[in-house]
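*Asks:* Got a structure for you, coords.cif, holding mmCIF, C-alpha atoms and all ligand atoms.
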data_input
#
loop_
_atom_site.label_atom_id
_atom_site.label_comp_id
_atom_site.auth_asym_id
_atom_site.auth_seq_id
_atom_site.Cartn_x
_atom_site.Cartn_y
_atom_site.Cartn_z
CA MET A 59 104.29 268.57 213.05
CA ASN A 60 107.43 267.71 214.99
CA ASN A 61 108.56 264.45 216.58
CA ARG A 62 105.94 264.83 219.29
CA HIS A 63 103.42 263.78 216.66
CA GLN A 64 105.33 261.18 214.71
CA LYS A 65 102.81 258.33 215.11
CA SER A 66 99.88 260.66 214.40
CA GLU A 67 101.60 261.84 211.27
CA GLU A 68 102.25 258.33 210.02
CA LEU A 69 98.72 257.13 210.68
CA PHE A 70 97.11 260.23 209.20
CA SER A 71 99.20 259.92 206.08
CA ARG A 72 98.02 256.31 205.67
CA SER A 73 94.39 257.31 206.36
CA SER A 74 94.62 260.04 203.75
CA LYS A 75 95.27 257.38 201.10
CA LEU A 76 92.15 255.45 202.05
CA ILE A 77 89.70 258.01 203.43
CA PRO A 78 88.99 261.31 201.60
CA GLY A 79 91.04 263.97 203.38
CA GLY A 80 91.94 261.36 205.99
CA VAL A 81 88.76 262.10 207.93
CA ASN A 82 85.17 260.98 208.18
CA SER A 83 83.79 264.49 208.75
CA PRO A 84 85.49 267.53 207.16
CA VAL A 85 86.13 269.84 210.15
CA ARG A 86 88.36 267.18 211.72
CA ALA A 87 90.93 267.76 208.97
CA PHE A 88 92.09 271.12 210.47
CA ARG A 89 91.61 272.86 207.09
CA SER A 90 90.43 276.12 208.74
CA VAL A 91 93.40 276.31 211.06
CA GLY A 92 96.05 274.51 209.00
CA GLY A 93 98.34 271.70 210.08
CA THR A 94 97.76 267.99 210.50
CA PRO A 95 95.28 266.61 213.01
CA PHE A 96 96.50 264.39 215.82
CA VAL A 97 95.13 260.85 215.92
CA VAL A 98 93.22 260.05 219.10
CA ASP A 99 94.11 257.09 221.24
CA ARG A 100 91.68 257.54 224.14
CA GLY A 101 89.74 259.97 226.28
CA GLU A 102 89.35 260.19 230.02
CA GLY A 103 87.22 262.78 231.78
CA ALA A 104 88.13 266.19 230.35
CA LEU A 105 91.28 264.82 228.73
CA LEU A 106 92.23 263.41 225.36
CA PHE A 107 95.38 261.39 224.65
CA ASP A 108 96.81 261.02 221.16
CA VAL A 109 98.64 257.99 219.78
CA ASP A 110 102.01 259.60 220.64
CA GLY A 111 100.98 259.90 224.28
CA ASN A 112 100.40 263.68 224.22
CA LYS A 113 97.70 264.88 226.59
CA TYR A 114 95.14 267.60 225.83
CA ILE A 115 92.40 269.33 227.77
CA ASP A 116 89.49 268.76 225.44
CA TYR A 117 87.16 271.65 224.55
CA VAL A 118 85.60 269.79 221.63
CA MET A 119 84.16 266.83 223.53
CA SER A 120 83.09 265.08 220.33
CA TRP A 121 81.31 268.32 219.33
CA GLY A 122 78.82 268.21 222.17
CA PRO A 123 77.60 264.72 223.08
CA LEU A 124 80.06 264.18 225.96
CA ILE A 125 78.46 266.43 228.58
CA LEU A 126 79.66 264.05 231.31
CA GLY A 127 83.20 263.87 229.92
CA HIS A 128 84.99 261.00 228.18
CA SER A 129 84.15 257.44 229.17
CA PRO A 130 82.01 258.17 232.25
CA LYS A 131 81.61 255.02 234.35
CA ALA A 132 77.80 254.89 234.28
CA VAL A 133 77.67 255.17 230.49
CA VAL A 134 80.49 252.69 229.87
CA GLU A 135 78.88 250.13 232.17
CA ALA A 136 75.43 250.61 230.61
CA VAL A 137 76.84 250.07 227.12
CA ILE A 138 78.81 246.96 228.14
CA LYS A 139 75.72 245.51 229.79
CA ALA A 140 73.57 246.24 226.73
CA THR A 141 76.18 244.79 224.37
CA LYS A 142 76.08 241.45 226.16
CA SER A 143 72.36 241.19 225.37
CA GLY A 144 72.76 241.91 221.66
CA THR A 145 73.84 244.87 219.59
CA SER A 146 70.87 245.34 217.26
CA PHE A 147 67.51 243.68 216.69
CA GLY A 148 65.52 245.72 214.21
CA ALA A 149 62.55 245.13 216.52
CA PRO A 150 61.05 247.10 219.45
CA THR A 151 62.99 247.21 222.73
CA LYS A 152 62.30 248.46 226.24
CA GLY A 153 65.31 250.78 225.97
CA GLU A 154 63.56 252.81 223.26
CA LEU A 155 60.51 253.24 225.47
CA ASN A 156 62.64 254.20 228.49
CA LEU A 157 64.62 256.79 226.56
CA ALA A 158 61.48 258.24 224.95
CA SER A 159 59.84 258.48 228.39
CA ILE A 160 62.80 260.42 229.83
CA VAL A 161 62.77 262.83 226.88
CA ARG A 162 59.02 263.38 227.32
CA GLU A 163 59.54 264.12 231.03
CA ARG A 164 62.30 266.66 230.37
CA MET A 165 60.59 268.22 227.35
CA PRO A 166 56.81 267.89 227.85
CA TRP A 167 56.14 269.69 224.55
CA ILE A 168 57.46 266.52 222.90
CA GLU A 169 54.31 264.41 222.98
CA LYS A 170 55.71 261.75 220.69
CA LEU A 171 59.15 261.13 219.22
CA ARG A 172 60.94 258.90 216.77
CA LEU A 173 64.53 257.82 217.23
CA VAL A 174 66.90 257.99 214.27
CA SER A 175 70.67 257.60 213.99
CA SER A 176 71.98 261.16 213.56
CA GLY A 177 71.12 264.83 213.81
CA THR A 178 71.09 265.00 210.02
CA GLU A 179 68.34 262.40 209.88
CA ALA A 180 66.39 264.14 212.63
CA CYS A 181 66.33 267.47 210.75
CA MET A 182 65.61 265.84 207.42
CA THR A 183 62.68 263.96 208.94
CA ALA A 184 61.35 267.08 210.69
CA ALA A 185 61.26 268.92 207.37
CA ARG A 186 59.51 266.00 205.67
CA ILE A 187 56.87 265.88 208.42
CA ALA A 188 56.30 269.64 208.09
CA ARG A 189 55.97 269.40 204.32
CA GLY A 190 53.69 266.38 204.58
CA ALA A 191 51.48 268.03 207.19
CA THR A 192 51.15 271.40 205.48
CA LYS A 193 51.25 270.19 201.86
CA ARG A 194 53.68 273.05 201.24
CA ASP A 195 57.29 272.93 200.04
CA ILE A 196 59.26 275.92 201.30
CA ILE A 197 61.50 275.69 204.36
CA ILE A 198 63.02 278.82 205.91
CA LYS A 199 66.42 278.52 207.55
CA PHE A 200 68.97 281.02 208.81
CA ASP A 201 72.32 281.96 207.33
CA GLY A 202 75.12 280.22 209.24
CA GLY A 203 72.74 277.69 210.80
CA TYR A 204 73.54 274.02 210.35
CA HIS A 205 70.94 271.29 210.23
CA GLY A 206 72.93 268.37 208.95
CA HIS A 207 74.01 267.62 205.42
CA SER A 208 70.78 266.69 203.64
CA ASP A 209 70.32 268.40 200.25
CA MET A 210 67.63 270.83 201.43
CA PHE A 211 69.87 272.32 204.13
CA LEU A 212 73.08 272.57 202.10
CA THR A 213 71.87 275.77 200.54
CA GLU A 214 72.63 279.46 200.75
CA ALA A 215 70.71 282.67 200.16
CA GLY A 216 69.75 283.54 196.59
CA SER A 217 69.74 287.04 195.12
CA GLY A 218 66.87 288.47 197.17
CA LEU A 219 66.17 288.04 200.86
CA ALA A 220 62.92 286.18 200.44
CA THR A 221 63.72 284.26 197.27
CA GLY A 222 64.64 280.60 196.94
CA GLY A 223 68.18 279.48 197.70
CA LEU A 224 71.17 278.21 195.77
CA PRO A 225 73.14 275.00 196.29
CA ALA A 226 75.95 275.45 198.84
CA SER A 227 77.53 272.19 197.79
CA SER A 228 78.16 270.58 194.49
CA GLY A 229 75.74 267.68 194.06
CA VAL A 230 72.74 269.54 195.48
CA PRO A 231 70.17 269.98 192.68
CA GLU A 232 69.09 273.59 192.04
CA ASN A 233 65.45 272.56 192.20
CA ILE A 234 65.88 271.35 195.75
CA ALA A 235 67.89 274.42 196.81
CA ARG A 236 65.10 276.64 195.48
CA THR A 237 62.71 275.22 198.10
CA THR A 238 64.87 276.52 200.95
CA ILE A 239 64.93 280.23 201.76
CA THR A 240 67.89 281.45 203.79
CA ILE A 241 67.65 284.68 205.78
CA PRO A 242 69.92 286.31 208.38
CA TYR A 243 69.72 285.01 211.95
CA ASN A 244 68.04 287.37 214.40
CA ASP A 245 66.49 289.38 211.55
CA ILE A 246 62.85 289.71 212.58
CA LYS A 247 61.95 291.94 209.62
CA ALA A 248 63.30 289.38 207.13
CA VAL A 249 61.10 286.70 208.71
CA THR A 250 57.98 288.83 208.39
CA LYS A 251 58.83 289.79 204.81
CA CYS A 252 59.48 286.21 203.86
CA PHE A 253 56.04 285.12 205.06
CA ALA A 254 54.36 288.10 203.38
CA ASP A 255 56.06 287.29 200.05
CA ASN A 256 55.29 283.56 200.17
CA THR A 257 51.71 283.32 201.40
CA ASN A 258 50.58 279.72 201.96
CA LYS A 259 53.84 278.34 200.62
CA ILE A 260 55.97 278.03 203.74
CA ALA A 261 55.93 274.61 205.39
CA ALA A 262 58.33 275.35 208.23
CA VAL A 263 60.94 277.53 209.84
CA ILE A 264 63.92 275.62 211.20
CA VAL A 265 66.19 277.39 213.66
CA GLU A 266 68.93 276.68 216.15
CA PRO A 267 67.34 278.50 219.10
CA VAL A 268 70.86 279.36 220.20
CA ALA A 269 73.00 279.42 217.08
CA ALA A 270 76.11 277.33 217.62
CA ASN A 271 77.42 276.54 214.15
CA MET A 272 78.69 280.04 213.27
CA GLY A 273 80.15 280.33 216.72
CA VAL A 274 77.68 280.85 219.54
CA ILE A 275 75.08 283.54 218.90
CA PRO A 276 72.19 284.06 221.31
CA PRO A 277 68.72 284.78 219.95
CA ALA A 278 67.94 288.52 220.02
CA GLU A 279 65.17 289.77 222.27
CA GLY A 280 61.86 288.80 220.65
CA PHE A 281 63.39 286.76 217.81
CA LEU A 282 62.17 283.32 218.88
CA GLN A 283 58.82 284.80 219.99
CA THR A 284 58.37 286.29 216.52
CA LEU A 285 59.12 282.93 214.93
CA ARG A 286 56.55 281.28 217.20
CA GLN A 287 53.91 283.89 216.49
CA THR A 288 54.48 284.18 212.74
CA THR A 289 54.56 280.44 212.09
CA SER A 290 51.34 280.01 214.10
CA GLU A 291 49.62 282.82 212.21
CA HIS A 292 50.55 281.25 208.88
CA ASN A 293 49.90 277.62 209.88
CA ALA A 294 53.55 276.80 209.33
CA VAL A 295 55.58 274.45 211.52
CA LEU A 296 58.21 275.81 213.91
CA ILE A 297 61.15 273.42 214.17
CA PHE A 298 63.73 273.94 216.92
CA ASP A 299 66.97 272.23 216.01
CA GLU A 300 68.20 271.39 219.50
CA VAL A 301 70.82 268.88 218.39
CA ILE A 302 73.41 270.96 220.27
CA THR A 303 71.28 272.86 222.81
CA GLY A 304 69.06 269.94 223.89
CA PHE A 305 69.91 268.83 227.46
CA ARG A 306 72.86 271.28 227.42
CA VAL A 307 71.69 274.86 227.92
CA MET A 308 69.11 273.54 230.37
CA SER A 309 67.50 270.23 231.21
CA GLY A 310 64.67 270.98 228.76
CA GLY A 311 66.97 272.67 226.24
CA ALA A 312 66.53 276.10 224.70
CA ALA A 313 62.74 275.71 224.48
CA GLN A 314 62.68 275.67 228.28
CA LEU A 315 65.33 278.37 228.64
CA TYR A 316 63.37 280.80 226.45
CA ASN A 317 59.93 279.44 227.33
CA ILE A 318 58.81 278.82 223.74
CA LYS A 319 56.99 275.71 222.61
CA PRO A 320 58.11 274.62 219.15
CA ASP A 321 55.95 272.25 217.07
CA LEU A 322 58.86 269.91 216.35
CA VAL A 323 62.22 269.46 218.02
CA CYS A 324 65.34 267.81 216.58
CA LEU A 325 67.65 266.12 219.04
CA GLY A 326 70.97 264.25 218.83
CA LYS A 327 74.40 264.39 220.47
CA ILE A 328 73.76 264.29 224.28
CA LEU A 329 70.66 262.13 223.67
CA GLY A 330 73.00 259.28 222.70
CA GLY A 331 75.71 259.92 225.30
CA GLY A 332 78.42 259.60 222.62
CA LEU A 333 76.83 256.82 220.57
CA PRO A 334 75.07 257.48 217.26
CA ILE A 335 71.53 258.78 217.70
CA GLY A 336 69.06 261.46 216.71
CA ALA A 337 65.39 262.07 217.36
CA VAL A 338 62.55 264.12 216.03
CA GLY A 339 59.66 264.79 218.33
CA GLY A 340 56.82 267.16 218.95
CA ARG A 341 53.08 267.58 218.73
CA LYS A 342 51.21 264.29 218.55
CA GLU A 343 49.16 265.17 215.47
CA LEU A 344 52.34 266.03 213.55
CA MET A 345 54.25 262.95 214.69
CA ASP A 346 51.33 260.67 213.85
CA ILE A 347 51.64 261.42 210.16
CA LEU A 348 54.82 259.30 210.13
CA ALA A 349 54.57 255.77 208.74
CA PRO A 350 53.16 253.33 209.75
CA LEU A 351 50.34 255.56 211.05
CA GLY A 352 50.45 258.20 208.33
CA ASP A 353 51.70 258.73 204.81
CA VAL A 354 55.08 260.38 205.53
CA TYR A 355 57.72 257.69 205.13
CA GLN A 356 60.77 257.34 207.35
CA ALA A 357 62.73 254.30 208.50
CA GLY A 358 66.13 253.06 209.74
CA THR A 359 67.79 249.65 210.22
CA LEU A 360 69.71 250.81 213.28
CA SER A 361 67.15 253.36 214.57
CA GLY A 362 66.66 253.05 218.33
CA ASN A 363 69.84 250.97 218.56
CA PRO A 364 70.06 249.30 221.99
CA LEU A 365 73.62 250.49 222.69
CA SER A 366 72.70 254.08 221.83
CA THR A 367 69.57 254.00 223.97
CA ALA A 368 71.55 252.48 226.88
CA ALA A 369 74.19 255.24 226.64
CA GLY A 370 71.51 257.90 226.27
CA ILE A 371 69.50 256.69 229.27
CA ALA A 372 72.63 256.53 231.46
CA THR A 373 73.60 260.06 230.40
CA LEU A 374 70.16 261.57 230.90
CA LYS A 375 69.79 259.85 234.28
CA ASP A 376 73.01 261.50 235.40
CA LEU A 377 71.70 264.86 234.15
CA ALA A 378 68.56 264.47 236.29
CA ASP A 379 70.60 266.00 239.11
CA LEU A 380 70.28 269.58 237.93
CA SER A 381 73.34 270.74 239.89
CA VAL A 382 75.36 269.65 236.84
CA TYR A 383 74.01 272.69 234.97
CA ASP A 384 75.21 274.99 237.76
CA ARG A 385 78.68 273.46 237.61
CA LEU A 386 78.85 273.79 233.82
CA ARG A 387 77.67 277.40 233.93
CA THR A 388 80.07 278.32 236.74
CA TYR A 389 83.06 276.90 234.86
CA CYS A 390 82.15 278.78 231.70
CA GLU A 391 81.35 282.01 233.54
CA GLU A 392 84.70 281.95 235.31
CA LEU A 393 86.67 280.92 232.23
CA THR A 394 85.09 283.48 229.92
CA SER A 395 85.29 286.32 232.43
CA ARG A 396 88.97 285.66 233.20
CA LEU A 397 89.81 285.35 229.51
CA THR A 398 87.91 288.56 228.71
CA THR A 399 89.96 290.38 231.35
CA LEU A 400 93.20 288.92 229.96
CA PHE A 401 92.38 289.86 226.37
CA LYS A 402 91.58 293.39 227.53
CA GLN A 403 94.81 293.60 229.48
CA TYR A 404 96.79 292.67 226.36
CA LYS A 405 94.65 294.98 224.22
CA LEU A 406 93.51 292.24 221.87
CA PRO A 407 89.94 292.87 220.78
CA VAL A 408 87.56 289.96 221.31
CA THR A 409 83.85 289.40 221.62
CA VAL A 410 82.73 286.58 223.88
CA ASN A 411 79.25 285.22 223.26
CA ARG A 412 77.94 282.83 225.91
CA VAL A 413 74.67 281.14 226.66
CA GLU A 414 74.89 278.94 229.75
CA SER A 415 77.72 276.47 229.02
CA LEU A 416 77.96 277.26 225.31
CA PHE A 417 80.40 279.95 224.25
CA THR A 418 82.71 281.22 221.51
CA ILE A 419 85.52 283.75 221.55
CA PHE A 420 85.43 285.81 218.35
CA PHE A 421 88.54 287.81 217.44
CA THR A 422 86.57 290.94 216.67
CA ALA A 423 85.34 293.83 218.79
CA GLY A 424 83.29 296.95 218.43
CA LYS A 425 80.13 295.60 216.87
CA PRO A 426 78.30 292.74 218.59
CA VAL A 427 78.26 289.35 216.87
CA ILE A 428 74.58 288.79 216.13
CA ASP A 429 74.50 286.86 212.85
CA PHE A 430 76.74 285.11 210.32
CA ALA A 431 77.77 288.38 208.63
CA SER A 432 79.05 289.84 211.91
CA ALA A 433 80.66 286.50 212.90
CA LYS A 434 82.62 286.71 209.66
CA ASN A 435 84.21 289.94 210.88
CA ALA A 436 86.30 287.83 213.23
CA ASP A 437 89.95 287.42 212.37
CA MET A 438 90.29 283.75 211.46
CA ASN A 439 94.06 283.96 210.87
CA MET A 440 94.40 285.09 214.44
CA TYR A 441 92.15 282.21 215.53
CA ALA A 442 94.40 279.74 213.66
CA ARG A 443 97.48 281.09 215.52
CA PHE A 444 95.57 280.94 218.79
CA PHE A 445 94.45 277.36 218.11
CA HIS A 446 97.99 276.12 217.42
CA GLU A 447 99.56 277.93 220.37
CA MET A 448 96.92 276.39 222.63
CA LEU A 449 97.46 272.95 221.11
CA VAL A 450 101.19 273.12 221.78
CA ASN A 451 100.29 273.90 225.39
CA GLY A 452 98.01 270.88 225.64
CA ILE A 453 94.65 272.57 225.07
CA TYR A 454 92.48 271.26 222.24
CA LEU A 455 90.06 273.93 220.97
CA PRO A 456 87.60 273.52 218.11
CA PRO A 457 89.66 273.50 214.90
CA SER A 458 87.56 276.35 213.46
CA GLY A 459 86.71 279.80 214.80
CA PHE A 460 83.06 279.33 213.83
CA GLU A 461 82.38 276.71 216.49
CA ALA A 462 81.27 276.51 220.09
CA TRP A 463 83.70 275.39 222.81
CA PHE A 464 82.23 272.37 224.57
CA ILE A 465 82.88 271.71 228.20
CA SER A 466 81.79 268.80 230.35
CA ASP A 467 81.06 267.98 233.95
CA ALA A 468 84.53 266.44 234.08
CA HIS A 469 86.26 269.82 233.55
CA ARG A 470 87.74 271.01 236.84
CA GLU A 471 89.40 274.08 238.34
CA GLU A 472 92.81 272.58 237.50
CA GLN A 473 91.93 272.49 233.78
CA LEU A 474 90.55 276.02 233.98
CA GLU A 475 93.80 277.33 235.46
CA LEU A 476 95.90 275.58 232.79
CA THR A 477 93.67 277.03 230.06
CA VAL A 478 93.99 280.58 231.41
CA LYS A 479 97.77 280.13 231.65
CA ALA A 480 98.02 278.93 228.06
CA VAL A 481 95.94 281.88 226.82
CA GLU A 482 98.21 284.29 228.68
CA GLN A 483 101.23 282.67 227.04
CA PHE A 484 99.61 283.18 223.61
CA LEU A 485 98.88 286.82 224.42
CA LYS A 486 102.45 287.44 225.60
CA LYS A 487 103.76 286.02 222.31
CA GLU A 488 101.29 288.04 220.22
CA SER A 489 102.16 291.28 221.96
CA GLY A 490 105.80 290.54 221.13
N1 LIG B 501 71.89 270.25 213.80
C1 LIG B 501 72.81 270.89 214.51
C2 LIG B 501 72.43 272.14 215.23
C3 LIG B 501 74.13 270.40 214.58
O1 LIG B 501 75.05 271.09 215.27
C4 LIG B 501 74.45 269.22 213.89
C5 LIG B 501 75.85 268.63 213.91
N2 LIG B 501 76.84 269.36 214.46
C6 LIG B 501 73.44 268.57 213.17
C7 LIG B 501 72.18 269.10 213.16
C8 LIG B 501 73.74 267.29 212.43
O2 LIG B 501 73.95 266.26 213.32
P1 LIG B 501 74.82 264.99 212.91
O3 LIG B 501 76.22 265.42 212.72
O4 LIG B 501 74.61 264.03 214.05
O5 LIG B 501 74.22 264.47 211.64
#
Translate this file's structure into structure tokens.
Ligand code: PMP

*Replies:*
Amino acid sequence: MNNRHQKSEELFSRSSKLIPGGVNSPVRAFRSVGGTPFVVDRGEGALLFDVDGNKYIDYVMSWGPLILGHSPKAVVEAVIKATKSGTSFGAPTKGELNLASIVRERMPWIEKLRLVSSGTEACMTAARIARGATKRDIIIKFDGGYHGHSDMFLTEAGSGLATGGLPASSGVPENIARTTITIPYNDIKAVTKCFADNTNKIAAVIVEPVAANMGVIPPAEGFLQTLRQTTSEHNAVLIFDEVITGFRVMSGGAAQLYNIKPDLVCLGKILGGGLPIGAVGGRKELMDILAPLGDVYQAGTLSGNPLSTAAGIATLKDLADLSVYDRLRTYCEELTSRLTTLFKQYKLPVTVNRVESLFTIFFTAGKPVIDFASAKNADMNMYARFFHEMLVNGIYLPPSGFEAWFISDAHREEQLELTVKAVEQFLKKESG
């Protein structure tokens, strides 16, 4: 850090004494790219300003929720209005009904849904519903997928492909990790084998229909169809974790994009327009096993919070005009195609994976990036250099090479041009 970040440095140093690592979620600490994070003052449209007054074009956008950009007028006004009527009641509100109705319209396969306060809670609840409904314990997930930080998902593959998992974090009991089987993303054979080896034991398969937590990886031809077919054949529950993809890759999320009906869907991020929220929804008979109707318990003091529902409704109303998806796609298409050309010109090998407005640039070439193992071929030291060079030039990229870049409807041609220019500057430096 130089003088340009003096105030950030001071504040972060004080935070580090009070908050573990100075952050309230680990990736914010810049550990994968090195350096000290800047401290945010405010956001406006596609831009972020730090406490020293530096300006950045934001490609993180709070990790996905801000599809309309920072502080969009409609959302800000809706939240202010809601605040004046009370910030939390712990009792039913009309806002909950209105938000649930919009979700049902956009995603008709969600017959009923319950609002929670985060994506983590949504995924945890989905798994509990699946286990309660099937009276089975095993959950299948995919290597490199992220479904929040509950014990059952902080696991990694054990010794064999179809065997129970191991804790991926200290504090996760081995007994819990054993109930989660982790297999490679896009590996159809591994899915089939897993079901064959664990007859009548698998409660659910949970999948990011477009993987976005190991960088963006699209589902291979037939992968999601196989999951749908195999889970149905074995009376297991198919859970789409659409915390990132929901309302982003299409109005109805990845389920609509790939025309697959999951049994349960996990939502978050865009659903709350930047305020804390999550939701689990799906087939009525599955959702009705939640308390108070059924015997699967779940609850939350702030669930369905009126400020979150107000922000979510305002955001989803804005997204009803589907032209937003064309604008997002066009920006990403143009940005990724111009960057691909530039990287080629400077002979720096990259692989760009993109699905609609979700994309990642991996510093690897030759083999396609189709799963976590191939994503790990990317040169993360190079990414760290890239990240810092871009930051110096006022472009804030995800502080890890295993993340999606998030754009918003507030990103404009001007920002695109500045981004391309900054990348070219990086490439000139790299090529010496
Ligand atoms: N699922 C996916 C696909 C996610 O990307 C995330 C968070 N990035 C979560 C679940 C967890 O959501 P939250 O951070 O709101 O708990």

*Asks:* Expressed in Å to a single decimal, how great is the separation between atom CA of Thr398 of chain A and atom CA of Thr422 of chain A?

*Replies:*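 Between these atoms lies a distance of 12.3 Å.
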
*Asks:* Could you give me, as a PyMOL selection string, the residues within 8 Å of Tyr117 of chain A, counting all atoms listed in the file and dropping anything in the same chain fewer than 2 positions from it?

*Replies:* chain A and resi 115+119+453-456+463-465

*Asks:* Considering all atoms listed in the file, can you say which of A:Ile428, A:Leu105, A:Ala248, A:Val295 comes closest to Arg194 of chain A?

*Replies:*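 Nearest candidate to Arg194 of chain A out of A:Ile428, A:Leu105, A:Ala248, A:Val295: A:Val295.
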
*Asks:* At a cut-off of 9 Å, using only C-alpha atoms, what residues contact segment 135-145 of chain A? Leave out same-chain residues fewer than 3 positions from it and give the result as a PDB file with C-alpha atoms, in the coordinates of the input.

*Replies:*
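In the end it all went to selection-v4.pdb:
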ATOM      1  CA  PRO A 130      82.010 258.170 232.250  1.00  0.00           C
ATOM      2  CA  LYS A 131      81.610 255.020 234.350  1.00  0.00           C
ATOM      3  CA  ALA A 132      77.800 254.890 234.280  1.00  0.00           C
ATOM      4  CA  ASN A 363      69.840 250.970 218.560  1.00  0.00           C
ATOM      5  CA  PRO A 364      70.060 249.300 221.990  1.00  0.00           C
ATOM      6  CA  LEU A 365      73.620 250.490 222.690  1.00  0.00           C
ATOM      7  CA  SER A 366      72.700 254.080 221.830  1.00  0.00           C
ATOM      8  CA  THR A 367      69.570 254.000 223.970  1.00  0.00           C
ATOM      9  CA  ALA A 368      71.550 252.480 226.880  1.00  0.00           C
ATOM     10  CA  ALA A 369      74.190 255.240 226.640  1.00  0.00           C
ATOM     11  CA  ILE A 371      69.500 256.690 229.270  1.00  0.00           C
ATOM     12  CA  ALA A 372      72.630 256.530 231.460  1.00  0.00           C
TER      13      ALA A 372
END

*Asks:* Hey, which of A:Gly80, A:Gly216, A:Gly332, A:Pro231 ends up closest to ligand LIG 501 (chain B)? Count all atoms listed in the file.

*Replies:*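 For ligand LIG 501 (chain B), the nearest of the given residues is A:Gly332.
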
*Asks:* Wanna dump the chain A-ligand LIG 501 (chain B) contacts at 7 Å for me, each residue with its shortest atom pair and the distance in Å to one decimal, counting all atoms listed in the file, ordered by chain and number, as CSV?

*Replies:*
residue,atom,partner,partner_atom,distance
A:Trp121,CA,B:LIG501,N2,6.7
A:Ser176,CA,B:LIG501,O4,3.9
A:Gly177,CA,B:LIG501,O2,3.2
A:Thr178,CA,B:LIG501,O5,3.6
A:Glu179,CA,B:LIG501,O5,6.5
A:Cys181,CA,B:LIG501,C7,6.5
A:Tyr204,CA,B:LIG501,C1,5.3
A:His205,CA,B:LIG501,N1,3.8
A:Gly206,CA,B:LIG501,C8,3.7
A:His207,CA,B:LIG501,O5,7.0
A:Glu266,CA,B:LIG501,C2,5.8
A:Ala270,CA,B:LIG501,O1,6.8
A:Asn271,CA,B:LIG501,O1,6.0
A:Asp299,CA,B:LIG501,C2,5.5
A:Glu300,CA,B:LIG501,C2,6.1
A:Val301,CA,B:LIG501,C1,4.8
A:Ile302,CA,B:LIG501,O1,5.3
A:Gly326,CA,B:LIG501,O4,6.0
A:Lys327,CA,B:LIG501,O4,6.4
A:Gly336,CA,B:LIG501,O4,6.7

*Asks:* Limited to C-alpha atoms, could you put the picked residues into a file as a compact mmCIF listing (two decimals), keeping the file's coordinate frame?

*Replies:*
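Output file out_27.txt is given in full below:
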# COMPACT_ATOMS: atom_id res chain seq x y z
CA TRP A 121 81.31 268.32 219.33
CA SER A 176 71.98 261.16 213.56
CA GLY A 177 71.12 264.83 213.81
CA THR A 178 71.09 265.00 210.02
CA GLU A 179 68.34 262.40 209.88
CA CYS A 181 66.33 267.47 210.75
CA TYR A 204 73.54 274.02 210.35
CA HIS A 205 70.94 271.29 210.23
CA GLY A 206 72.93 268.37 208.95
CA HIS A 207 74.01 267.62 205.42
CA GLU A 266 68.93 276.68 216.15
CA ALA A 270 76.11 277.33 217.62
CA ASN A 271 77.42 276.54 214.15
CA ASP A 299 66.97 272.23 216.01
CA GLU A 300 68.20 271.39 219.50
CA VAL A 301 70.82 268.88 218.39
CA ILE A 302 73.41 270.96 220.27
CA GLY A 326 70.97 264.25 218.83
CA LYS A 327 74.40 264.39 220.47
CA GLY A 336 69.06 261.46 216.71

*Asks:* Counting all atoms listed in the file, which of A:Arg412, A:Lys113, A:Lys65, A:Lys259 gets nearest to Thr192 of chain A?

*Replies:*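 Of A:Arg412, A:Lys113, A:Lys65, A:Lys259, the one nearest Thr192 of chain A, counting all atoms listed in the file, is A:Lys259.
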
*Asks:* So that I can see what lies close to segment 155-172 of chain A, please list as JSON, numbers by chain the residues with an atom at most 6 Å from it, counting all atoms listed in the file and leaving out residues fewer than 5 positions away in the same chain.

*Replies:* {"A": [310, 337, 338, 339, 340, 341, 342, 371]}

*Asks:* Based on the selection just made, write C-alpha atoms of those residues as a PDB file, in the frame of the given file.

*Replies:*
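This is the output file result.pdb:
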ATOM      1  CA  GLY A 310      64.670 270.980 228.760  1.00  0.00           C
ATOM      2  CA  ALA A 337      65.390 262.070 217.360  1.00  0.00           C
ATOM      3  CA  VAL A 338      62.550 264.120 216.030  1.00  0.00           C
ATOM      4  CA  GLY A 339      59.660 264.790 218.330  1.00  0.00           C
ATOM      5  CA  GLY A 340      56.820 267.160 218.950  1.00  0.00           C
ATOM      6  CA  ARG A 341      53.080 267.580 218.730  1.00  0.00           C
ATOM      7  CA  LYS A 342      51.210 264.290 218.550  1.00  0.00           C
ATOM      8  CA  ILE A 371      69.500 256.690 229.270  1.00  0.00           C
TER       9      ILE A 371
END

*Asks:* Give the answer as one residue: which of A:Leu400, A:Ile419, A:Leu474, A:Ile241 has the shortest atom-to-atom distance to Gly273 of chain A, using all atoms listed in the file?

*Replies:*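 Closest residue, counting all atoms listed in the file: A:Ile419.
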
*Asks:* To one decimal in Å, tell me the separation between atom CA of Leu285 of chain A and atom CA of Tyr383 of chain A.

*Replies:*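 Spanning atom CA of Leu285 of chain A to atom CA of Tyr383 of chain A is a straight-line distance of 27.0 Å.
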
*Asks:* Tell me which of A:Phe305, A:Phe430, A:Phe253, A:Phe298 sits closest to Cys324 of chain A, counting all atoms listed in the file.

*Replies:*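 Checking each candidate against Cys324 of chain A, we get A:Phe298 as the closest.
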